[in-house]
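First the structure, in the form of structure tokens, and then the observations on it.
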Amino acid sequence: MTNLSPATTEAADGTEADPAAATGAPTPSGRPRSGLRSLVPSWSPKLAVGLGLVCAIALWGLLGPLFTGDPDTVRNISMTPPSGDFLLGTTQTGQDVLAQLAQATRGSLQIGLLVGVLATMLSAFFGIIGGYVGGAVDEGFSLLSNVMLVIPGLPLVIVIAGFVPADQRGWWTIAIVLAITGWAASSRVLRAQTLSLRNRDYVAAAKVAGEKPWRVVTVEILPNLLPLLASQFVFAVILAILSEAGLAFLGLGASNSSTLGTMLYYAQNGFALQRGAWWWFVPPGMIIALFGCGLALINFSIDEIINPKLRNVSKAGGGGRELIASGAVGAGANAGAGPAANAGAGDGGDSAAPAAAVPAGSGAEHVHADPVLTVRNLNVVYQVESPVHAVKDVSLTLGRGEILGLAGESGCGKTTLAYAINRLHRPPAEVTSGSVVLHDREGDDIDVLGLASEELRSFRWSKLSMVFQGAMNALNPVISVHAQLDDVLTTHRPEMSRAARRERCTEVLRLVGVDPRRLDSYPHELSGGMRQRVMIAMALLLDPQVMIMDEPTTALDVVVQRGILREILRFRDELGFAVVFITHDLPLLLELSDRIAVMREGEVVEYAAAEELHRQPRHPYTRQLLDSFPSLTGERGSFIRTGEDRDREPADGPRTGGPRADSPHTDSPRTESPRIDSSHTDSARTGGAAAAGITDGPGAEQHPNERAPR
Amino acid sequence: MRYYIRKLAFYVVALWAALTLNFFIPRLMPGNPVDTLMARLQQRGGSVDPSVRRAYELLLGTDTQQPLWDQYVAYLGNLVRGDLGISVSVFPTPASEVIFQSLPWTIVLVGIATLMSFALGIVLGTVVGWKRGTWLDSLVPATTVLAAVPYFWLALILVAVFGSALRWFPLLGGYDVVFDPGWNAEFVQSAIFHGTLPALTIVISSVGGWLLGMRNMMVSAMSEDYILTARAKGLRNSRIMTHYAARNAVLPSVAGFAISLGFVVSGSILTEQVFSYPGIGGKLLQAVQNNDYALMQGIFLVITVAVLGANLVVDLLYGLIDPRTRAGQ
Amino acid sequence: MTTLEVRDLVKDFSIRSGLRHSRLRAVDNVSFTLEPGRTVALVGESGSGKSTVARMIARLERPTAGRITATAPGGAPVDRRHYRDHVQMVFQDPFASLNPFHTIEHHLVRPLKLHGRAGKKAETRALVEQLLERVNLTPAANVAQRRPHELSGGQRQRVAIARALAPGAQVVIADEPVSMLDVSIRLGVLNLLARLQREDDLAVLYITHDLATARHFSDEILVMYRGRVVERGAADDVILNPQHPYTQLLAAAAPNPDAARGRAGGLTGAAVEPAGARAVPLADAGCNFRDRCPRVMDVCSKPVRDHAVGDGHFAKCWLHAGGPGGPEGAPGASAGGGPAGAEKDAAKDAGKDAGKGAAKDAGKDGGGRAGVVRR
């Protein structure tokens, strides 16, 4: 059997695959769950069917033999088809198939359970100990499990069974042999996950607190491995039942035992097939298949705990669910639900309505003479059980060649807004009303929300390009930089020759200060700053009029960040595109941008020229944000380390400007559904963290989540 | 380069481990296989030549006064010379000859069937993962049923339906005995005809695993930022699916080939048994039933070497498709 | 009150590439003293070795060389067994540093028990609630029963701080305690730390990449670059009057709207991005910034030591070999064409060599071990 459970795929390559945070994994839907409760799979039809099958078969194995009479009674009625007396007919020797089936089911379940327990114990021992201890022990253990993995199991079992005389081939012998040949795959999975957990900060914290190693393993690590262990156990049980059936079918099973495999062995040898006695060989296989299927379905649910990405994106109650889930398909979103409904809203022709672009109460009297992008009354709602209004009535005008800063904290909706402008948002996010109009250089106005999917595709990147936060994740890791630049050109400029395309790629790389010889590199061969420059080069390829940059420098060190900002300013001056620059780093925006919109809980609370915003912030939240950044060279803030103890005030912030204690959107538990800022960044972080956690080496300085804001 | 050296080194170790395991199994097991063997040999009218006995003792290691280490060296020596002992069940053919007569059947059958199911599973998994949330999702639980079906039982059902009932395909064998094995059109045609049901069994049983693995990785890959970038770039969906999502999602499946191949080979042994296929699996069972320890061990070694070889090839290919493995060093 | 003394701390990581082992010096002869009631900030970019210092002090890593000694109030050295009663750590990411499986209570009870501060159940509970109240998490009884995911980032970090205090620690290592938090709650958490410091007369090591909070939050600043402390001095001196070209570069690069606007374009091309560690191995005791330094001189390849540039203010730079008031003084003076190595492949990938198999997305930003001296 190949990958019976999805987890095997992870076994395939623990480091590559994404054993996403088994722990503290953000729950994209439903209430956050915790502790033991988080280990219980959430209810789903799959789980129900799986549990139903498994329970029914287990009950049958448990109770069946009590009711069905003696399976060994030989009668003088050979191979009768199913009838009232014998519901499943009889065998060659007139034994009741139903009675045999009950007994055999019990036998198979017993051996499956026993082997499942033994194999899981073995894999837990080698996987968890190896992963936790590391070093030579780990090397040895993982070599052992890898060797066990590539040596084909059944031939080995057959050889071993062949050497053991039939009379000594007991139940335990078979179980032990099967366990020894069957633990390796799950050991690899467990090791990978343990490695990742071992590098979590809470394990380090437990050590710092002075916990003993055995306690760190059993109390801190093991509980978080439980879902994975459960999944591996289930997998081991299926595998054991199948392997035993195979062995027994070959006549190499435990002597005197009666399992589903033995039944099939007798059926085969009794020429059931040739004589058309389907009632003899169909039911045993059926039981195995159904039981395996039931366990696999249970495993699905467990896997969804382990890897939340596999879960359905949303559960917007009732019938809407399928629809929304279908939207989760990457590009399907283009065609899918949503913005088309608002197509009519944007009366594209009207380019100037700047008054409307200024939300009431804000101080942007600045009217841009030559706008390139107008966003009017845009609303984005996450259509989940209790819909979340992520972007509320936002209106912005971006002038040609202007840098517009979009400031706000995590979850304020700034990223959702940016994605919605390019219609990159995915369900359950939906633009409920508003318009986005791009005023083309040639004089046309493009109603972005009204574009048909093919029009949208060609609009993207050629008029409006984007630079994302984590350049490591934003670049495809397995194809070269050149290929990633090139496919923009082949898609949008099909008329260009290969040489011309290469010429253009070289040109943009040179523009952003990356040696064109790097063109054939892969992303992982570039440093963080270099990767972000490549992203910017890519964004420049088609000479767009607007560039949206979503925290492009957040993950970078200040010096690298400064270099990239300098380039952005230079390009803006040379190439004349406009920039929407999104960040939480207000001081940076104050330096960089012409105008700034401050967002909070989906609303633009203040929208003003940068200098003005700096000198006289009007909204209390803006003031609070500004105060959150102590000045580098200015007066030593009196609020820090003086005798005053402002942090006893209800809000988290030192100068409580606004009523934003721990409001759900701004500093909410991360598991809150759904994250307002696109789930991409979030899930990528989780994944990245898990994956990065696995890398060995001096892990000290590489906290996977290390972000360097400012 | 370092990646390849590491991989090669690993397979050398794995091969050594398999050889050593093969050496120790008969020595650790209860009973005296050599006596059983000699008795069996006498039944068949073979001469109980002391040199024959000595060869078996080397292989199976019972009742010898020789230190274990010397036995081990002599055993390895024999293997290097390709001497796997004399088969009892097909006396007096050397085990190696028996093996090499049946090996091609298995390699062709398992090889083609595995490649087909891999390709099919990857393609289907890509589509199902890409179209997540549509009716295609219902394929996923369906494949688990297939994956949980025992190979041999599926084979029985296929024979019952397509062989016995519909009579579309032959019930047994690797080819029609009226033809002489060789490279002639009739024989090849017959072999393909006979191989269809066994191959179908392997494909049906193993495709679900590939599909499921690929689908899950597609789902994971599709929430990655590079997919978002690709969408923002205005690329065509087909290109995003192939060059961005599937290209990344396929890597674990390829890396996982090692694990799966072992399962497939195991399954094919059972399948061969059902179809009385002239492959190496059938021979292994024949050897087990006849206490033909020499043949048994030989076959185990050959199967292991074949699987290791296939895995090595896949690992080397993996180095080609994932730039990260070959970089840096 | 406990004093922690760090002397000549060295940490080498061995990196295996094939059969060859190479050493990577992550921390190179770092010395400082943490005194009660005072905060020392360790500032540097990712990969500068600052977190490794923290982990060595927390005994999560073993130093290759050097000493870390804690001295109890009476002047007696703290022995190994009681070290953790005195020295505790607050981790960077509050989303990772609390075990999602356990309640908040568990996180506080364990250190209390391990360090013998709790006996009976009721007593323990009272202590837990007292701790939570000290970090402003009320109602404490309620918070104690929750699990980490039910708290916000700021609240979690407060729990982490309470946990560090639970053993009665007098020395707290805060490793980027606020960098993962939303900006508007960062100062609140820092202020909390400051208040606890005042109340308990704690010695604090504040590790950060943020010059501004380092300046305001600490008494002394140590600037680390590739494992070495290149500049040290009183907080205001180091930030307002940086003497080492690297500190100058850092200060110039930090966003500062108070300075002239549009300065984003003001930096010259030199030294903006780290040039490759591969390009210049720097396997010697010479200045390890010289491959990026705009003012590099011939003498820079010679071993460099701390030179006094002011009262208690030192820079590890040959420019200041003449003593305080040397030829240079003005901050942000870095100008002129240095080595145009900005576009060379950056040092970060050097870290990749270490990471086995370059796991997918190995961290947001490369291995993150920029330019550690390779030996």
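Ligands are numbered from 1 in the order shown, residues from 1 within each chain, and chains are lettered A, B, ... in the order they appear in the structure tokens.
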- Distance query segment 32-34 of chain C at most 10 Å, only C-alpha atoms, self and fewer than 4 positions along chain excluded, as an NGL selection string: :C and (2-9 or 38-40 or 68-70 or 171-173 or 202-205 or 220 or 222 or 229 or 232)
- Using only C-alpha atoms, determine which residues lie at most 9 Å from segment 271-288 of chain B, disregarding the query and same-chain residues fewer than 4 positions distant; provide the list as JSON, numbers by chain. {"A": [155, 158, 159, 161, 162, 163, 250, 252, 268], "B": [87, 88, 89, 98, 99, 100, 101, 102, 103, 104, 105, 106, 107, 109, 151, 152, 153, 154, 155, 156, 159, 171, 172, 173, 174, 175, 194, 195, 197, 198, 199, 201, 202, 265, 266, 267, 292, 293, 294, 295, 296, 297, 299, 300, 303]}
- Dump as an NGL selection string the residues of chain B that approach chain C to within 12 Å, counting only C-alpha atoms. :B and (1-7 or 9 or 221 or 224-226 or 248-249 or 251-252 or 319 or 322-329)
- Item | Spatial neighbours of Ala175 of chain A, max dist 8 Å, only C-alpha atoms, sep filter under 5 positions, as a list in words |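 In the requested form, the answer reads Ile111, Leu114 and Val115 of chain A.
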- Message: Which residue is closest to Leu250 of chain C? Choose from A:Ser410, A:Asn224, A:Gln561, A:Ser453 and count only C-alpha atoms.
- Response: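 For Leu250 of chain C, the nearest of the given residues is A:Gln561.
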- Mind giving me the straight-line distance from atom CA of Leu79 of chain B to atom CA of Pro152 of chain A in Å, one decimal? 19.5 Å
- Query: Got a sec: who's within 12 Å of Arg275 of chain A, counting only C-alpha atoms, leaving out chain neighbours fewer than 3 positions off, as a ChimeraX atom specification?
  - Reply: /A:78-81,91-92,267-272,278-281 /B:160,164-165
Residues as selected, N, CA, C and O atoms, written as a compact mmCIF listing (two decimals), in the first residue's frame, can you do that?
```txt
# COMPACT_ATOMS: atom_id res chain seq x y z
N SER A 78 -21.42 -28.36 1.27
CA SER A 78 -20.26 -27.65 0.77
C SER A 78 -20.67 -26.49 -0.13
O SER A 78 -21.49 -26.66 -1.04
N MET A 79 -20.10 -25.31 0.18
CA MET A 79 -20.22 -24.15 -0.69
C MET A 79 -21.64 -23.83 -1.10
O MET A 79 -21.98 -23.76 -2.28
N THR A 80 -22.48 -23.66 -0.10
CA THR A 80 -23.83 -23.22 -0.46
C THR A 80 -23.84 -21.69 -0.46
O THR A 80 -23.22 -21.06 0.38
N PRO A 81 -24.57 -21.13 -1.40
CA PRO A 81 -24.68 -19.66 -1.44
C PRO A 81 -25.44 -19.15 -0.22
O PRO A 81 -26.07 -19.95 0.49
N THR A 91 -18.53 -22.72 3.49
CA THR A 91 -17.27 -22.96 2.81
C THR A 91 -17.30 -24.32 2.18
O THR A 91 -18.30 -25.05 2.22
N GLN A 92 -16.14 -24.67 1.61
CA GLN A 92 -15.98 -25.98 0.98
C GLN A 92 -16.34 -27.11 1.92
O GLN A 92 -16.92 -28.10 1.54
N ALA A 267 -9.94 -19.64 1.31
CA ALA A 267 -10.83 -19.44 0.16
C ALA A 267 -10.06 -19.66 -1.14
O ALA A 267 -10.54 -20.33 -2.07
N GLN A 268 -8.85 -19.12 -1.19
CA GLN A 268 -8.03 -19.28 -2.40
C GLN A 268 -7.70 -20.75 -2.62
O GLN A 268 -7.80 -21.25 -3.72
N ASN A 269 -7.30 -21.41 -1.53
CA ASN A 269 -6.93 -22.81 -1.67
C ASN A 269 -8.13 -23.72 -1.89
O ASN A 269 -8.00 -24.83 -2.39
N GLY A 270 -9.30 -23.23 -1.48
CA GLY A 270 -10.52 -24.02 -1.71
C GLY A 270 -11.14 -23.70 -3.05
O GLY A 270 -12.29 -24.05 -3.30
N PHE A 271 -10.39 -23.00 -3.91
CA PHE A 271 -10.85 -22.66 -5.26
C PHE A 271 -12.19 -21.92 -5.23
O PHE A 271 -13.05 -22.15 -6.06
N ALA A 272 -12.34 -21.05 -4.23
CA ALA A 272 -13.57 -20.28 -4.15
C ALA A 272 -13.75 -19.44 -5.40
O ALA A 272 -14.86 -19.31 -5.93
N TRP A 278 -18.32 -16.37 -4.38
CA TRP A 278 -17.96 -15.00 -4.00
C TRP A 278 -18.21 -14.74 -2.53
O TRP A 278 -17.56 -13.95 -1.88
N TRP A 279 -19.22 -15.40 -1.95
CA TRP A 279 -19.56 -15.14 -0.55
C TRP A 279 -18.46 -15.56 0.39
O TRP A 279 -18.43 -15.19 1.55
N TRP A 280 -17.52 -16.31 -0.13
CA TRP A 280 -16.44 -16.78 0.72
C TRP A 280 -15.28 -15.78 0.74
O TRP A 280 -14.71 -15.49 1.78
N PHE A 281 -14.95 -15.21 -0.43
CA PHE A 281 -13.77 -14.34 -0.44
C PHE A 281 -14.09 -12.85 -0.49
O PHE A 281 -13.22 -12.03 -0.23
N ALA B 160 -12.07 -12.34 -10.62
CA ALA B 160 -13.44 -12.87 -10.62
C ALA B 160 -14.30 -12.14 -11.64
O ALA B 160 -15.07 -12.76 -12.37
N SER B 164 -13.02 -14.50 -14.70
CA SER B 164 -14.01 -15.57 -14.66
C SER B 164 -15.33 -15.16 -15.29
O SER B 164 -15.85 -15.83 -16.18
N ALA B 165 -15.85 -14.02 -14.85
CA ALA B 165 -17.20 -13.67 -15.27
C ALA B 165 -17.23 -13.13 -16.70
O ALA B 165 -17.94 -13.64 -17.55
```
- Item | Residue contacts of Gly602 of chain A (12 Å, only C-alpha atoms) excluding same-chain residues fewer than 3 positions away, as a ChimeraX atom specification | /A:377-382,388-395,406-418,597-599,605,665-666,676-677
Using N, CA and C atoms, can you write the selected residues to a file as an mmCIF file, in the first residue's frame?
```cif
data_model
loop_
_atom_site.group_PDB
_atom_site.id
_atom_site.type_symbol
_atom_site.label_atom_id
_atom_site.label_comp_id
_atom_site.auth_asym_id
_atom_site.auth_seq_id
_atom_site.Cartn_x
_atom_site.Cartn_y
_atom_site.Cartn_z
ATOM 1 N N ASN A 377 -15.128 54.417 -0.990
ATOM 2 C CA ASN A 377 -16.074 53.729 -0.104
ATOM 3 C C ASN A 377 -15.959 52.219 -0.166
ATOM 4 N N LEU A 378 -14.747 51.762 -0.140
ATOM 5 C CA LEU A 378 -14.528 50.320 -0.267
ATOM 6 C C LEU A 378 -14.844 49.615 1.053
ATOM 7 N N ASN A 379 -15.599 48.547 0.932
ATOM 8 C CA ASN A 379 -15.926 47.722 2.094
ATOM 9 C C ASN A 379 -15.540 46.275 1.813
ATOM 10 N N VAL A 380 -14.844 45.705 2.739
ATOM 11 C CA VAL A 380 -14.503 44.286 2.601
ATOM 12 C C VAL A 380 -14.982 43.570 3.852
ATOM 13 N N VAL A 381 -15.682 42.483 3.641
ATOM 14 C CA VAL A 381 -16.236 41.732 4.763
ATOM 15 C C VAL A 381 -15.783 40.284 4.668
ATOM 16 N N TYR A 382 -15.341 39.752 5.782
ATOM 17 C CA TYR A 382 -15.060 38.314 5.831
ATOM 18 C C TYR A 382 -16.365 37.613 6.169
ATOM 19 N N VAL A 388 -16.976 39.624 9.652
ATOM 20 C CA VAL A 388 -16.031 40.605 10.165
ATOM 21 C C VAL A 388 -15.857 41.681 9.103
ATOM 22 N N HIS A 389 -16.142 42.867 9.479
ATOM 23 C CA HIS A 389 -16.037 43.989 8.554
ATOM 24 C C HIS A 389 -14.593 44.484 8.591
ATOM 25 N N ALA A 390 -13.788 43.997 7.695
ATOM 26 C CA ALA A 390 -12.353 44.215 7.794
ATOM 27 C C ALA A 390 -11.930 45.556 7.229
ATOM 28 N N VAL A 391 -12.611 46.015 6.205
ATOM 29 C CA VAL A 391 -12.325 47.325 5.626
ATOM 30 C C VAL A 391 -13.636 48.075 5.574
ATOM 31 N N LYS A 392 -13.644 49.225 6.237
ATOM 32 C CA LYS A 392 -14.920 49.939 6.370
ATOM 33 C C LYS A 392 -14.869 51.259 5.623
ATOM 34 N N ASP A 393 -15.558 51.269 4.505
ATOM 35 C CA ASP A 393 -15.813 52.532 3.841
ATOM 36 C C ASP A 393 -14.545 53.340 3.612
ATOM 37 N N VAL A 394 -13.548 52.698 3.060
ATOM 38 C CA VAL A 394 -12.269 53.384 2.893
ATOM 39 C C VAL A 394 -12.234 54.112 1.555
ATOM 40 N N SER A 395 -11.843 55.349 1.577
ATOM 41 C CA SER A 395 -11.667 56.122 0.354
ATOM 42 C C SER A 395 -10.273 56.712 0.350
ATOM 43 N N LEU A 406 0.369 53.674 4.264
ATOM 44 C CA LEU A 406 -0.807 53.106 4.914
ATOM 45 C C LEU A 406 -0.300 52.514 6.225
ATOM 46 N N ALA A 407 -0.632 53.169 7.324
ATOM 47 C CA ALA A 407 -0.074 52.742 8.602
ATOM 48 C C ALA A 407 -1.144 52.078 9.442
ATOM 49 N N GLY A 408 -0.732 51.145 10.235
ATOM 50 C CA GLY A 408 -1.679 50.490 11.128
ATOM 51 C C GLY A 408 -1.046 49.260 11.721
ATOM 52 N N GLU A 409 -1.678 48.764 12.755
ATOM 53 C CA GLU A 409 -1.109 47.612 13.433
ATOM 54 C C GLU A 409 -1.658 46.319 12.852
ATOM 55 N N SER A 410 -1.161 45.220 13.335
ATOM 56 C CA SER A 410 -1.606 43.956 12.771
ATOM 57 C C SER A 410 -3.106 43.820 12.967
ATOM 58 N N GLY A 411 -3.753 43.387 11.916
ATOM 59 C CA GLY A 411 -5.179 43.165 12.021
ATOM 60 C C GLY A 411 -6.023 44.401 11.800
ATOM 61 N N CYS A 412 -5.422 45.504 11.351
ATOM 62 C CA CYS A 412 -6.231 46.697 11.173
ATOM 63 C C CYS A 412 -6.897 46.707 9.808
ATOM 64 N N GLY A 413 -6.563 45.749 8.976
ATOM 65 C CA GLY A 413 -7.213 45.668 7.676
ATOM 66 C C GLY A 413 -6.399 46.257 6.547
ATOM 67 N N LYS A 414 -5.160 46.678 6.848
ATOM 68 C CA LYS A 414 -4.401 47.340 5.792
ATOM 69 C C LYS A 414 -4.024 46.376 4.664
ATOM 70 N N THR A 415 -3.671 45.162 5.033
ATOM 71 C CA THR A 415 -3.318 44.204 3.998
ATOM 72 C C THR A 415 -4.554 43.764 3.218
ATOM 73 N N THR A 416 -5.645 43.576 3.939
ATOM 74 C CA THR A 416 -6.889 43.221 3.253
ATOM 75 C C THR A 416 -7.241 44.289 2.229
ATOM 76 N N LEU A 417 -7.076 45.537 2.621
ATOM 77 C CA LEU A 417 -7.359 46.635 1.709
ATOM 78 C C LEU A 417 -6.469 46.541 0.478
ATOM 79 N N ALA A 418 -5.172 46.315 0.725
ATOM 80 C CA ALA A 418 -4.238 46.256 -0.396
ATOM 81 C C ALA A 418 -4.601 45.128 -1.348
ATOM 82 N N ALA A 597 -2.189 57.497 5.417
ATOM 83 C CA ALA A 597 -3.502 57.132 5.949
ATOM 84 C C ALA A 597 -3.271 56.200 7.125
ATOM 85 N N VAL A 598 -3.848 56.544 8.256
ATOM 86 C CA VAL A 598 -3.705 55.691 9.437
ATOM 87 C C VAL A 598 -4.959 54.846 9.554
ATOM 88 N N MET A 599 -4.765 53.543 9.604
ATOM 89 C CA MET A 599 -5.923 52.648 9.669
ATOM 90 C C MET A 599 -6.040 52.021 11.045
ATOM 91 N N VAL A 605 -8.589 56.368 10.013
ATOM 92 C CA VAL A 605 -8.955 57.327 11.051
ATOM 93 C C VAL A 605 -8.330 58.684 10.800
ATOM 94 N N HIS A 665 -9.552 43.472 17.557
ATOM 95 C CA HIS A 665 -8.881 43.486 16.265
ATOM 96 C C HIS A 665 -7.419 43.858 16.343
ATOM 97 N N THR A 666 -7.100 44.654 17.310
ATOM 98 C CA THR A 666 -5.751 45.179 17.255
ATOM 99 C C THR A 666 -4.751 44.247 17.892
ATOM 100 N N ILE A 676 -7.488 39.269 10.187
ATOM 101 C CA ILE A 676 -7.981 40.233 9.222
ATOM 102 C C ILE A 676 -6.954 40.454 8.140
ATOM 103 N N ASP A 677 -5.754 40.617 8.538
ATOM 104 C CA ASP A 677 -4.730 40.680 7.515
ATOM 105 C C ASP A 677 -4.690 39.312 6.885
#
```
